[in-house]
>>> print(open('structure12.cif').read())   # mmCIF, C-alpha atoms (C1' of nucleotides)
data_protein
#
loop_
_atom_site.label_atom_id
_atom_site.label_comp_id
_atom_site.auth_asym_id
_atom_site.auth_seq_id
_atom_site.Cartn_x
_atom_site.Cartn_y
_atom_site.Cartn_z
CA MET A 1 18.19 -9.07 11.18
CA GLU A 2 21.55 -10.86 10.95
CA LEU A 3 21.37 -10.78 7.18
CA TYR A 4 20.06 -7.22 7.04
CA VAL A 5 23.06 -6.13 9.12
CA GLU A 6 25.58 -8.22 7.18
CA ARG A 7 24.62 -7.21 3.68
CA GLY A 8 21.96 -4.53 3.90
CA PHE A 9 18.22 -4.80 3.38
CA ASP A 10 18.14 -4.40 -0.38
CA GLU A 11 20.94 -6.85 -0.99
CA THR A 12 19.25 -9.54 1.06
CA THR A 13 16.81 -11.78 -0.79
CA VAL A 14 13.90 -13.55 0.82
CA ALA A 15 15.35 -16.82 -0.44
CA GLU A 16 18.47 -16.17 1.65
CA ILE A 17 16.47 -15.35 4.75
CA ALA A 18 14.38 -18.48 4.38
CA ASN A 19 17.49 -20.51 3.76
CA ARG A 20 19.23 -19.31 6.91
CA ALA A 21 16.08 -19.90 8.91
CA GLY A 22 15.92 -23.41 7.53
CA LEU A 23 12.64 -23.11 5.67
CA THR A 24 11.29 -22.15 2.29
CA GLU A 25 10.49 -18.81 0.77
CA ARG A 26 6.80 -19.66 0.70
CA THR A 27 6.78 -20.30 4.42
CA PHE A 28 8.43 -16.96 5.07
CA PHE A 29 5.53 -15.24 3.37
CA ARG A 30 3.10 -17.19 5.50
CA HIS A 31 4.65 -15.69 8.61
CA PHE A 32 5.27 -12.16 7.33
CA ALA A 33 3.11 -10.15 4.99
CA ASP A 34 6.21 -8.93 3.16
CA LYS A 35 9.95 -8.64 3.38
CA ARG A 36 9.83 -5.49 5.48
CA GLU A 37 7.37 -6.73 8.03
CA VAL A 38 10.01 -8.87 9.77
CA LEU A 39 11.33 -5.74 11.43
CA PHE A 40 7.90 -4.72 12.69
CA ALA A 41 6.72 -7.96 14.24
CA GLY A 42 6.57 -6.44 17.73
CA ALA A 43 4.59 -3.37 16.69
CA ALA A 44 1.18 -4.77 17.55
CA MET A 45 2.27 -5.62 21.07
CA LEU A 46 3.76 -2.20 21.54
CA GLN A 47 0.56 -0.59 20.30
CA ASP A 48 -1.50 -2.51 22.86
CA LEU A 49 0.88 -1.30 25.52
CA PHE A 50 0.46 2.33 24.41
CA VAL A 51 -3.31 2.07 24.33
CA GLY A 52 -3.49 0.29 27.67
CA ALA A 53 -1.50 3.02 29.37
CA VAL A 54 -3.76 5.71 27.96
CA THR A 55 -6.86 3.86 29.03
CA ASP A 56 -5.49 3.32 32.52
CA ALA A 57 -4.51 6.95 33.07
CA PRO A 58 -6.56 8.69 35.78
CA ALA A 59 -9.77 10.20 34.42
CA ASP A 60 -8.85 13.77 35.38
CA VAL A 61 -5.59 13.77 33.42
CA PRO A 62 -5.85 16.17 30.45
CA PRO A 63 -5.68 14.75 26.86
CA VAL A 64 -2.05 15.36 25.98
CA ASP A 65 -0.86 14.04 29.30
CA ALA A 66 -2.97 10.91 28.90
CA ALA A 67 -1.50 10.37 25.43
CA MET A 68 1.94 10.94 26.91
CA ALA A 69 1.29 8.17 29.44
CA GLY A 70 1.04 5.87 26.43
CA VAL A 71 4.28 6.85 24.75
CA VAL A 72 6.13 7.01 28.07
CA ALA A 73 5.06 3.45 28.84
CA GLY A 74 6.28 2.45 25.38
CA GLY A 75 9.56 4.26 25.92
CA ALA A 76 10.16 2.39 29.15
CA VAL A 77 9.78 -0.96 27.36
CA ILE A 78 11.90 0.08 24.40
CA GLN A 79 14.86 1.15 26.47
CA GLU A 80 15.00 -2.28 28.06
CA ARG A 81 16.73 -3.56 24.91
CA PRO A 82 19.08 -0.77 23.85
CA ALA A 83 21.30 -2.94 21.62
CA PHE A 84 18.38 -4.37 19.73
CA SER A 85 16.73 -0.98 19.39
CA ARG A 86 19.86 0.63 18.02
CA GLN A 87 20.54 -2.12 15.52
CA ARG A 88 16.98 -2.07 14.29
CA TYR A 89 17.10 1.72 14.07
CA GLU A 90 20.22 1.64 11.95
CA ILE A 91 18.81 -0.89 9.53
CA ILE A 92 15.70 1.23 9.09
CA ALA A 93 17.62 4.49 8.83
CA ALA A 94 19.58 3.06 5.91
CA ASN A 95 16.55 2.25 3.77
CA ALA A 96 13.71 4.43 2.50
CA GLU A 97 11.18 1.62 2.14
CA LEU A 98 11.72 0.64 5.75
CA GLN A 99 11.24 4.23 6.84
CA GLU A 100 7.94 4.27 5.03
CA ARG A 101 6.82 1.21 6.92
CA GLU A 102 7.99 2.73 10.19
CA LEU A 103 6.00 5.88 9.51
CA ILE A 104 2.79 4.04 8.77
CA LYS A 105 3.20 2.05 11.97
CA LEU A 106 3.56 5.31 13.85
CA ALA A 107 0.49 6.66 12.09
CA SER A 108 -1.41 3.58 13.16
CA LEU A 109 -0.14 4.12 16.68
CA SER A 110 -1.35 7.71 16.54
CA ALA A 111 -4.78 6.59 15.39
CA ALA A 112 -4.94 4.03 18.19
CA LEU A 113 -3.98 6.65 20.76
CA ALA A 114 -6.63 9.01 19.41
CA GLY A 115 -9.19 6.21 19.68
CA ALA A 116 -8.27 5.58 23.29
CA LEU A 117 -8.56 9.29 24.03
CA ARG A 118 -12.01 9.43 22.46
CA ARG A 119 -13.10 6.58 24.66
CA ARG A 120 -12.07 8.79 27.58
CA GLY A 121 -14.47 11.45 26.34
CA VAL A 122 -12.04 13.66 24.48
CA PRO A 123 -13.69 15.28 21.42
CA ASP A 124 -12.61 14.03 17.96
CA HIS A 125 -10.28 16.71 16.76
CA ALA A 126 -8.72 17.29 20.13
CA ALA A 127 -8.03 13.57 20.40
CA SER A 128 -6.32 13.44 17.00
CA LEU A 129 -4.25 16.50 17.79
CA ALA A 130 -3.19 15.27 21.21
CA ALA A 131 -2.23 11.90 19.72
CA GLU A 132 -0.20 13.54 16.96
CA VAL A 133 1.61 15.68 19.49
CA ALA A 134 2.43 12.65 21.63
CA ILE A 135 3.76 10.74 18.63
CA ALA A 136 5.84 13.72 17.53
CA VAL A 137 7.36 13.84 21.01
CA PHE A 138 7.93 10.10 20.87
CA LYS A 139 9.73 10.32 17.53
CA ILE A 140 12.01 13.15 18.50
CA ALA A 141 12.83 11.81 21.95
CA PHE A 142 13.52 8.35 20.55
CA GLU A 143 15.76 9.82 17.89
CA ARG A 144 17.71 11.65 20.56
CA TRP A 145 17.93 8.57 22.75
CA VAL A 146 19.02 6.14 20.07
CA SER A 147 21.59 8.48 18.52
CA ASP A 148 23.30 9.22 21.81
CA PRO A 149 26.13 6.78 22.57
CA VAL A 150 25.21 7.11 26.22
CA HIS A 151 21.63 5.99 26.54
CA LEU A 152 19.79 8.48 28.70
CA ASP A 153 16.43 7.74 30.28
CA LEU A 154 13.92 7.61 27.43
CA PRO A 155 10.72 8.42 29.35
CA GLN A 156 12.53 11.38 30.85
CA LEU A 157 13.66 12.56 27.42
CA MET A 158 10.06 12.33 26.31
CA ARG A 159 8.82 14.47 29.14
CA ALA A 160 11.57 16.99 28.47
CA SER A 161 10.62 17.08 24.78
CA LEU A 162 7.00 17.70 25.67
CA ASP A 163 8.00 20.60 27.88
CA GLU A 164 10.07 21.98 25.06
CA LEU A 165 7.18 21.55 22.66
CA ARG A 166 4.96 23.45 25.06
CA THR A 167 7.47 26.25 25.18
CA VAL A 168 7.82 26.35 21.42
CA THR A 169 4.09 26.16 20.85
CA ALA A 170 3.03 28.61 23.51
CA ASP A 171 1.66 31.83 22.17
CA SER A 172 4.14 34.66 22.35
CA GLU A 173 1.33 37.15 22.97
CA THR A 174 0.10 37.34 26.51
CA GLY A 175 -3.31 35.80 26.45
CA GLY A 176 -2.71 32.11 25.85
CA PRO A 177 -4.23 29.92 23.12
CA ALA A 178 -7.62 31.56 22.83
CA ALA A 179 -6.11 34.94 22.10
CA THR A 180 -4.20 33.86 19.00
CA ARG A 181 -6.82 34.91 16.49
CA PRO A 182 -9.68 37.12 17.54
CA MET B 1 -4.85 8.87 -12.30
CA GLU B 2 -7.56 7.94 -14.78
CA LEU B 3 -6.60 4.30 -14.52
CA TYR B 4 -6.15 4.40 -10.76
CA VAL B 5 -9.69 5.76 -10.44
CA GLU B 6 -11.18 3.35 -12.97
CA ARG B 7 -9.73 0.12 -11.65
CA GLY B 8 -7.87 0.88 -8.45
CA PHE B 9 -4.14 1.21 -7.86
CA ASP B 10 -3.33 -2.47 -7.31
CA GLU B 11 -5.30 -3.64 -10.30
CA THR B 12 -3.54 -1.21 -12.62
CA THR B 13 -0.31 -2.45 -14.18
CA VAL B 14 2.50 -0.23 -15.32
CA ALA B 15 2.13 -1.75 -18.77
CA GLU B 16 -1.43 -0.40 -18.90
CA ILE B 17 -0.38 3.06 -17.78
CA ALA B 18 2.40 3.18 -20.35
CA ASN B 19 0.05 1.92 -22.99
CA ARG B 20 -2.57 4.59 -22.33
CA ALA B 21 0.12 7.26 -22.29
CA GLY B 22 1.39 5.98 -25.61
CA LEU B 23 4.83 4.87 -24.51
CA THR B 24 6.62 1.86 -23.13
CA GLU B 25 6.95 0.51 -19.63
CA ARG B 26 10.67 1.27 -19.64
CA THR B 27 10.02 4.91 -20.40
CA PHE B 28 7.56 5.13 -17.56
CA PHE B 29 10.28 4.09 -15.16
CA ARG B 30 12.58 6.71 -16.59
CA HIS B 31 10.08 9.39 -15.60
CA PHE B 32 8.95 7.97 -12.26
CA ALA B 33 11.06 6.12 -9.72
CA ASP B 34 8.24 3.65 -9.16
CA LYS B 35 4.57 3.04 -9.74
CA ARG B 36 3.52 5.10 -6.74
CA GLU B 37 5.59 8.13 -7.50
CA VAL B 38 3.19 9.29 -10.23
CA LEU B 39 0.87 10.57 -7.54
CA PHE B 40 3.60 12.57 -5.85
CA ALA B 41 5.11 14.37 -8.79
CA GLY B 42 4.15 17.79 -7.43
CA ALA B 43 5.56 17.18 -3.96
CA ALA B 44 8.95 18.79 -4.61
CA MET B 45 7.34 21.98 -5.85
CA LEU B 46 5.04 22.09 -2.85
CA GLN B 47 7.99 21.58 -0.54
CA ASP B 48 9.80 24.54 -2.06
CA LEU B 49 6.69 26.61 -1.50
CA PHE B 50 6.53 25.59 2.16
CA VAL B 51 10.19 26.34 2.74
CA GLY B 52 10.01 29.65 0.91
CA ALA B 53 7.14 30.84 3.07
CA VAL B 54 9.01 29.95 6.25
CA THR B 55 12.14 31.70 5.07
CA ASP B 56 10.16 34.80 4.11
CA ALA B 57 8.32 35.06 7.42
CA PRO B 58 9.28 38.16 9.45
CA ALA B 59 12.29 37.51 11.68
CA ASP B 60 10.40 38.22 14.90
CA VAL B 61 7.74 35.57 14.28
CA PRO B 62 8.10 32.70 16.79
CA PRO B 63 9.04 29.21 15.52
CA VAL B 64 5.66 27.53 15.37
CA ASP B 65 4.10 30.50 13.67
CA ALA B 66 6.90 30.61 11.12
CA ALA B 67 6.37 26.92 10.40
CA MET B 68 2.67 27.60 10.13
CA ALA B 69 3.35 30.23 7.49
CA GLY B 70 4.75 27.38 5.41
CA VAL B 71 1.82 25.02 5.72
CA VAL B 72 -0.70 27.83 5.35
CA ALA B 73 0.94 28.85 2.08
CA GLY B 74 0.75 25.22 0.97
CA GLY B 75 -2.88 25.01 1.99
CA ALA B 76 -3.74 28.03 -0.10
CA VAL B 77 -2.25 26.41 -3.19
CA ILE B 78 -3.83 23.03 -2.53
CA GLN B 79 -7.33 24.40 -2.21
CA GLU B 80 -7.06 25.95 -5.64
CA ARG B 81 -7.71 22.51 -7.15
CA PRO B 82 -10.35 20.94 -4.92
CA ALA B 83 -11.48 18.29 -7.43
CA PHE B 84 -7.97 17.11 -8.11
CA SER B 85 -7.09 17.11 -4.41
CA ARG B 86 -10.11 15.06 -3.47
CA GLN B 87 -9.62 12.51 -6.23
CA ARG B 88 -5.98 12.10 -5.34
CA TYR B 89 -6.88 11.81 -1.67
CA GLU B 90 -9.36 9.05 -2.34
CA ILE B 91 -6.92 7.03 -4.40
CA ILE B 92 -4.36 7.26 -1.64
CA ALA B 93 -6.86 6.55 1.13
CA ALA B 94 -7.77 3.28 -0.59
CA ASN B 95 -4.24 1.88 -0.62
CA ALA B 96 -1.76 1.25 2.18
CA GLU B 97 1.35 1.49 0.02
CA LEU B 98 0.30 4.90 -1.18
CA GLN B 99 -0.30 6.04 2.37
CA GLU B 100 3.23 4.99 3.22
CA ARG B 101 4.56 7.12 0.41
CA GLU B 102 2.39 10.03 1.50
CA LEU B 103 3.73 9.79 5.02
CA ILE B 104 7.35 9.80 3.96
CA LYS B 105 6.70 12.86 1.80
CA LEU B 106 5.23 14.59 4.82
CA ALA B 107 8.23 13.53 6.89
CA SER B 108 10.48 15.02 4.25
CA LEU B 109 8.39 18.17 4.36
CA SER B 110 8.78 18.27 8.12
CA ALA B 111 12.54 17.91 7.84
CA ALA B 112 12.64 20.70 5.26
CA LEU B 113 10.59 22.97 7.50
CA ALA B 114 12.87 22.21 10.43
CA GLY B 115 15.86 23.06 8.25
CA ALA B 116 14.33 26.40 7.29
CA LEU B 117 13.63 27.17 10.94
CA ARG B 118 17.21 26.38 11.91
CA ARG B 119 18.39 28.79 9.26
CA ARG B 120 16.29 31.38 11.08
CA GLY B 121 18.25 30.68 14.24
CA VAL B 122 15.84 28.30 15.95
CA PRO B 123 17.72 25.67 18.00
CA ASP B 124 17.74 22.06 16.70
CA HIS B 125 15.18 20.35 18.85
CA ALA B 126 12.84 23.30 18.93
CA ALA B 127 12.97 23.44 15.14
CA SER B 128 12.11 19.75 14.78
CA LEU B 129 9.29 20.02 17.29
CA ALA B 130 7.82 23.14 15.71
CA ALA B 131 7.98 21.51 12.27
CA GLU B 132 6.29 18.35 13.53
CA VAL B 133 3.54 20.41 15.12
CA ALA B 134 2.96 22.33 11.91
CA ILE B 135 2.79 19.12 9.88
CA ALA B 136 0.38 17.57 12.38
CA VAL B 137 -1.84 20.61 12.01
CA PHE B 138 -1.53 20.38 8.25
CA LYS B 139 -2.56 16.73 8.20
CA ILE B 140 -5.57 17.15 10.42
CA ALA B 141 -6.81 20.33 8.79
CA PHE B 142 -6.38 18.84 5.32
CA GLU B 143 -8.26 15.73 6.38
CA ARG B 144 -11.11 17.91 7.62
CA TRP B 145 -11.10 20.02 4.49
CA VAL B 146 -11.01 17.19 2.00
CA SER B 147 -13.64 15.10 3.76
CA ASP B 148 -16.14 17.91 3.98
CA PRO B 149 -18.48 18.04 0.96
CA VAL B 150 -18.47 21.81 1.33
CA HIS B 151 -14.89 22.93 1.00
CA LEU B 152 -14.15 25.42 3.75
CA ASP B 153 -11.14 27.70 3.69
CA LEU B 154 -8.11 25.48 4.23
CA PRO B 155 -5.68 28.06 5.66
CA GLN B 156 -8.37 29.10 8.09
CA LEU B 157 -8.95 25.49 9.13
CA MET B 158 -5.25 25.20 9.74
CA ARG B 159 -5.15 28.23 11.99
CA ALA B 160 -8.19 26.92 13.86
CA SER B 161 -6.50 23.56 14.31
CA LEU B 162 -3.39 25.21 15.68
CA ASP B 163 -5.48 27.11 18.18
CA GLU B 164 -7.14 23.88 19.20
CA LEU B 165 -3.76 22.20 19.51
CA ARG B 166 -2.60 25.00 21.75
CA THR B 167 -5.64 24.53 23.94
CA VAL B 168 -5.18 20.80 24.11
CA THR B 169 -1.46 21.06 24.76
CA ALA B 170 -1.59 23.87 27.27
CA ASP B 171 -0.70 22.84 30.77
CA SER B 172 -3.73 22.46 32.99
CA GLU B 173 -1.73 23.70 35.98
CA THR B 174 -1.37 27.41 36.24
CA GLY B 175 2.25 28.15 35.53
CA GLY B 176 2.66 27.47 31.81
CA PRO B 177 5.18 25.14 30.15
CA ALA B 178 8.10 25.65 32.45
CA ALA B 179 6.10 24.62 35.49
CA THR B 180 5.24 21.15 34.18
CA ARG B 181 8.13 19.33 35.81
CA PRO B 182 10.18 20.98 38.44
"C1'" DG C 1 27.39 16.91 -43.33
"C1'" DC C 2 28.62 15.21 -38.75
"C1'" DA C 3 29.64 14.42 -33.89
"C1'" DG C 4 27.34 14.77 -29.50
"C1'" DT C 5 23.32 14.56 -26.48
"C1'" DG C 6 19.07 13.16 -24.62
"C1'" DA C 7 14.76 10.69 -24.93
"C1'" DT C 8 12.77 6.45 -26.20
"C1'" DG C 9 12.38 1.47 -27.52
"C1'" DT C 10 13.81 -3.52 -27.13
"C1'" DC C 11 15.33 -7.41 -24.63
"C1'" DA C 12 16.62 -10.22 -20.86
"C1'" DT C 13 16.69 -10.87 -16.06
"C1'" DT C 14 16.04 -10.62 -11.04
"C1'" DC C 15 13.13 -10.68 -7.30
"C1'" DG C 16 8.95 -9.91 -4.42
"C1'" DC C 17 4.77 -11.99 -3.89
"C1'" DT C 18 0.56 -15.15 -4.68
"C1'" DG C 19 -2.53 -19.10 -5.82
"C1'" DA C 20 -3.15 -24.06 -6.12
"C1'" DC C 21 -2.16 -28.39 -4.68
"C1'" DA C 22 0.41 -32.03 -2.02
"C1'" DT C 23 2.53 -33.70 2.23
"C1'" DC C 24 2.93 -34.61 6.93
"C1'" DA C 25 2.63 -34.25 11.96
"C1'" DC C 26 -0.68 -33.95 15.42
"C1'" DT C 27 -5.30 -34.19 17.82
"C1'" DG C 28 -9.78 -35.72 19.09
"C1'" DT C 29 -13.08 -39.31 18.57
"C1'" DA C 30 -15.79 -43.47 17.10
"C1'" DT D 1 -6.80 -48.84 16.82
"C1'" DA D 2 -8.29 -46.49 12.78
"C1'" DC D 3 -9.75 -42.44 10.82
"C1'" DA D 4 -11.27 -37.74 9.83
"C1'" DG D 5 -9.99 -33.04 10.62
"C1'" DT D 6 -6.68 -29.29 11.23
"C1'" DG D 7 -2.69 -26.56 10.72
"C1'" DA D 8 2.00 -25.86 9.24
"C1'" DT D 9 5.09 -26.64 5.61
"C1'" DG D 10 6.91 -27.80 0.87
"C1'" DT D 11 6.54 -27.69 -4.31
"C1'" DC D 12 5.46 -25.58 -8.51
"C1'" DA D 13 3.92 -22.21 -11.74
"C1'" DG D 14 3.17 -17.62 -12.72
"C1'" DC D 15 2.44 -12.39 -12.52
"C1'" DG D 16 4.16 -7.95 -12.21
"C1'" DA D 17 7.53 -4.37 -10.56
"C1'" DA D 18 11.95 -2.84 -11.39
"C1'" DT D 19 16.74 -2.64 -13.53
"C1'" DG D 20 20.81 -3.03 -16.68
"C1'" DA D 21 22.62 -3.19 -21.41
"C1'" DC D 22 22.30 -1.98 -25.96
"C1'" DA D 23 20.06 0.10 -30.17
"C1'" DT D 24 17.48 3.78 -32.41
"C1'" DC D 25 16.24 8.29 -33.53
"C1'" DA D 26 15.31 13.26 -33.27
"C1'" DC D 27 17.58 17.40 -32.39
"C1'" DT D 28 21.41 20.79 -31.67
"C1'" DG D 29 25.62 23.17 -32.58
"C1'" DC D 30 29.65 23.41 -35.26
#
>>> encode(input="structure12.cif", output="structure tokens")
Amino acid sequence: MELYVERGFDETTVAEIANRAGLTERTFFRHFADKREVLFAGAAMLQDLFVGAVTDAPADVPPVDAAMAGVVAGGAVIQERPAFSRQRYEIIAANAELQERELIKLASLSAALAGALRRRGVPDHAASLAAEVAIAVFKIAFERWVSDPVHLDLPQLMRASLDELRTVTADSETGGPAATRP
Amino acid sequence: MELYVERGFDETTVAEIANRAGLTERTFFRHFADKREVLFAGAAMLQDLFVGAVTDAPADVPPVDAAMAGVVAGGAVIQERPAFSRQRYEIIAANAELQERELIKLASLSAALAGALRRRGVPDHAASLAAEVAIAVFKIAFERWVSDPVHLDLPQLMRASLDELRTVTADSETGGPAATRP
DNA sequence: GCAGTGATGTCATTCGCTGACATCACTGTA
DNA sequence: TACAGTGATGTCAGCGAATGACATCACTGC
């Protein structure tokens, strides 16, 4: 990350990273699948956290709220290291390849959440949809949090974003969801 | 695409592609930013279609429904070439790098939709959320459509998925969105 | 004719990434 | 103690994606 900040991701070679770390290029690739993966080393841990929180949510909690328990738990951990999170965010924001990797990690997170929801008895499509909604809320709330010079409370931003999503999504006609199309 | 189907994406070299197309490797890279981009050549056109449909939606249509007009219009075009869509889908599904590219194209689509919504007067966050919801619906409906041996009507699947999302997202308590957190 | 433009070819080079093999520290066991 | 096994690292060679620099050639408008 030092090198990525100093000279940018593209301008940094793996040889330089290995050199600064005091090992060889080959060894770098034994630890990380590729040059981008360095920035996503903690993703697996975070995913376990998300899934655990969904699994542990009370059985009577509806799908989206169970999925939200996952991302809220993740948000709480993320905001513990605001400086790190912001630096990492800026590196990623400056490079398209890194954004691609970030997106596929989020997709994997979404799939994991959906899996956890299914294990709670939520039907397939509903589980996927609820997971996608939770990840969308996560993305937008995180974006708000990390871009604000004053770091607000991330879990709270997430809940606020979900409320907003509900407002935006709610059917304008009177009847609620079922009445959308006859 | 012929070569990607025959031997897989990873096993196909750019030299081979160029060769079959009757030109040189260097020329290939003048037409496509990288090896993956070949499969996403139509994305810009599709994005314009999405945005156009959102812009053309009646002014009194609420945000999510305006965003849905975009993805539904896209769905209608996509389902015109079921064989092509399925083949392309299978190539992408078999390769992680291609999935990354697909995801960033969808993210770009989402940003474009959000932009179109803002131009309709929808506030920032609401626009982003509505766009994310529409893209989530698009993804899941497309997945259903392309995986089903009998191709159903894609726009209809999208509307059904949105209804399901509304059901899943709707607050279980009585009061609707605003009542979620006091 | 002729200058200008855009598409293509040629060549050399960098860099990400991988396979094969060697080295070396460390551990458990005869 | 000696030795076999294991895992992390280094060394070396090589492939393929991607890029910059320069040359060629068809085509257009004057």
>>> closest_atom_pairs(input="structure12.cif", of="chain B", to="chain A", cutoff="7 Å", atoms="only C-alpha atoms", output="CSV")
residue,atom,partner,partner_atom,distance
B:Pro63,CA,A:Val168,CA,6.7
B:Val64,CA,A:Thr169,CA,5.9
B:Glu100,CA,A:Glu100,CA,5.1
B:Arg101,CA,A:Glu100,CA,6.4
B:Leu103,CA,A:Leu103,CA,6.4
B:Ile104,CA,A:Glu100,CA,5.7
B:Ala126,CA,A:Val168,CA,6.4
B:Leu129,CA,A:Leu165,CA,6.0
B:Ala130,CA,A:Val168,CA,6.6
B:Glu132,CA,A:Ala136,CA,6.1
B:Val133,CA,A:Val133,CA,6.7
B:Ala136,CA,A:Glu132,CA,6.1
B:Asp163,CA,A:Pro177,CA,5.8
B:Glu164,CA,A:Ala126,CA,6.8
B:Leu165,CA,A:Leu129,CA,6.0
B:Arg166,CA,A:Pro177,CA,5.4
B:Thr167,CA,A:Pro177,CA,5.6
B:Val168,CA,A:Ala126,CA,6.4
B:Thr169,CA,A:Val64,CA,5.9
B:Ala170,CA,A:Arg166,CA,6.9
B:Pro177,CA,A:Arg166,CA,5.4
B:Ala178,CA,A:Asp163,CA,6.8
B:Thr180,CA,A:Asp163,CA,6.9
>>> closest_residue(input="structure12.cif", among="C:DG1, C:DG16, C:DG9, C:DG28", to="chain B", atoms="all atoms listed in the file")
C:DG9
>>> resolve_selection(input="structure12.cif", expression="the PyMOL selection byres ((chain A) within 12 of (chain C))", output="compact mmCIF listing (two decimals) with C-alpha atoms, in the frame of the given file")
# COMPACT_ATOMS: atom_id res chain seq x y z
CA ASP A 10 18.14 -4.40 -0.38
CA GLU A 11 20.94 -6.85 -0.99
CA THR A 12 19.25 -9.54 1.06
CA THR A 13 16.81 -11.78 -0.79
CA VAL A 14 13.90 -13.55 0.82
CA ALA A 15 15.35 -16.82 -0.44
CA GLU A 16 18.47 -16.17 1.65
CA GLU A 25 10.49 -18.81 0.77
CA ARG A 26 6.80 -19.66 0.70
CA THR A 27 6.78 -20.30 4.42
CA PHE A 28 8.43 -16.96 5.07
CA PHE A 29 5.53 -15.24 3.37
CA ARG A 30 3.10 -17.19 5.50
CA PHE A 32 5.27 -12.16 7.33
CA ALA A 33 3.11 -10.15 4.99
CA ASP A 34 6.21 -8.93 3.16
CA LYS A 35 9.95 -8.64 3.38
CA ARG A 36 9.83 -5.49 5.48
>>> interface_residues(input="structure12.cif", of="chain D", to="chain B", cutoff="12 Å", atoms="all atoms listed in the file", output="list in words")
DC15, DG16, DA17, DA18, DT19 and DG20 of chain D
>>> atom_distance(input="structure12.cif", atom1="atom CA of Ala76 of chain B", atom2="atom CA of Pro155 of chain B")
6.1 Å
>>> closest_residue(input="structure12.cif", among="B:Val72, B:Met158, B:Val54, B:Leu39", to="Ile91 of chain B", atoms="only C-alpha atoms")
B:Leu39
>>> resolve_selection(input="structure12.cif", expression="the PyMOL selection byres ((chain B and resi 71) around 8)", output="PyMOL selection string")
chain B and resi 50+67-70+72-75+134-135+138
>>> atom_distance(input="structure12.cif", atom1="atom CA of Leu152 of chain A", atom2="atom CA of Arg120 of chain B")
29.1 Å
>>> residues_around(input="structure12.cif", residues="Ala116 of chain A", least_positions_apart="3", cutoff="7 Å", atoms="only C-alpha atoms (C1' of nucleotides)", output="PDB file with C-alpha atoms, in the coordinates of the input")
ATOM      1  CA  VAL A  51      -3.310   2.070  24.330  1.00  0.00           C
ATOM      2  CA  VAL A  54      -3.760   5.710  27.960  1.00  0.00           C
ATOM      3  CA  THR A  55      -6.860   3.860  29.030  1.00  0.00           C
ATOM      4  CA  ALA A 112      -4.940   4.030  18.190  1.00  0.00           C
ATOM      5  CA  LEU A 113      -3.980   6.650  20.760  1.00  0.00           C
ATOM      6  CA  ARG A 119     -13.100   6.580  24.660  1.00  0.00           C
ATOM      7  CA  ARG A 120     -12.070   8.790  27.580  1.00  0.00           C
TER       8      ARG A 120
END
>>> axis_aligned_box(input="structure12.cif", around="segment 89-98 of chain B", padding_each_side="5 Å", output="AutoDock Vina command-line options")
--center_x -4.0 --center_y 6.5 --center_z -1.1 --size_x 20.7 --size_y 20.6 --size_z 16.6
>>> atom_distance(input="structure12.cif", atom1="atom CA of Met1 of chain B", atom2="atom CA of Arg88 of chain B")
7.8 Å
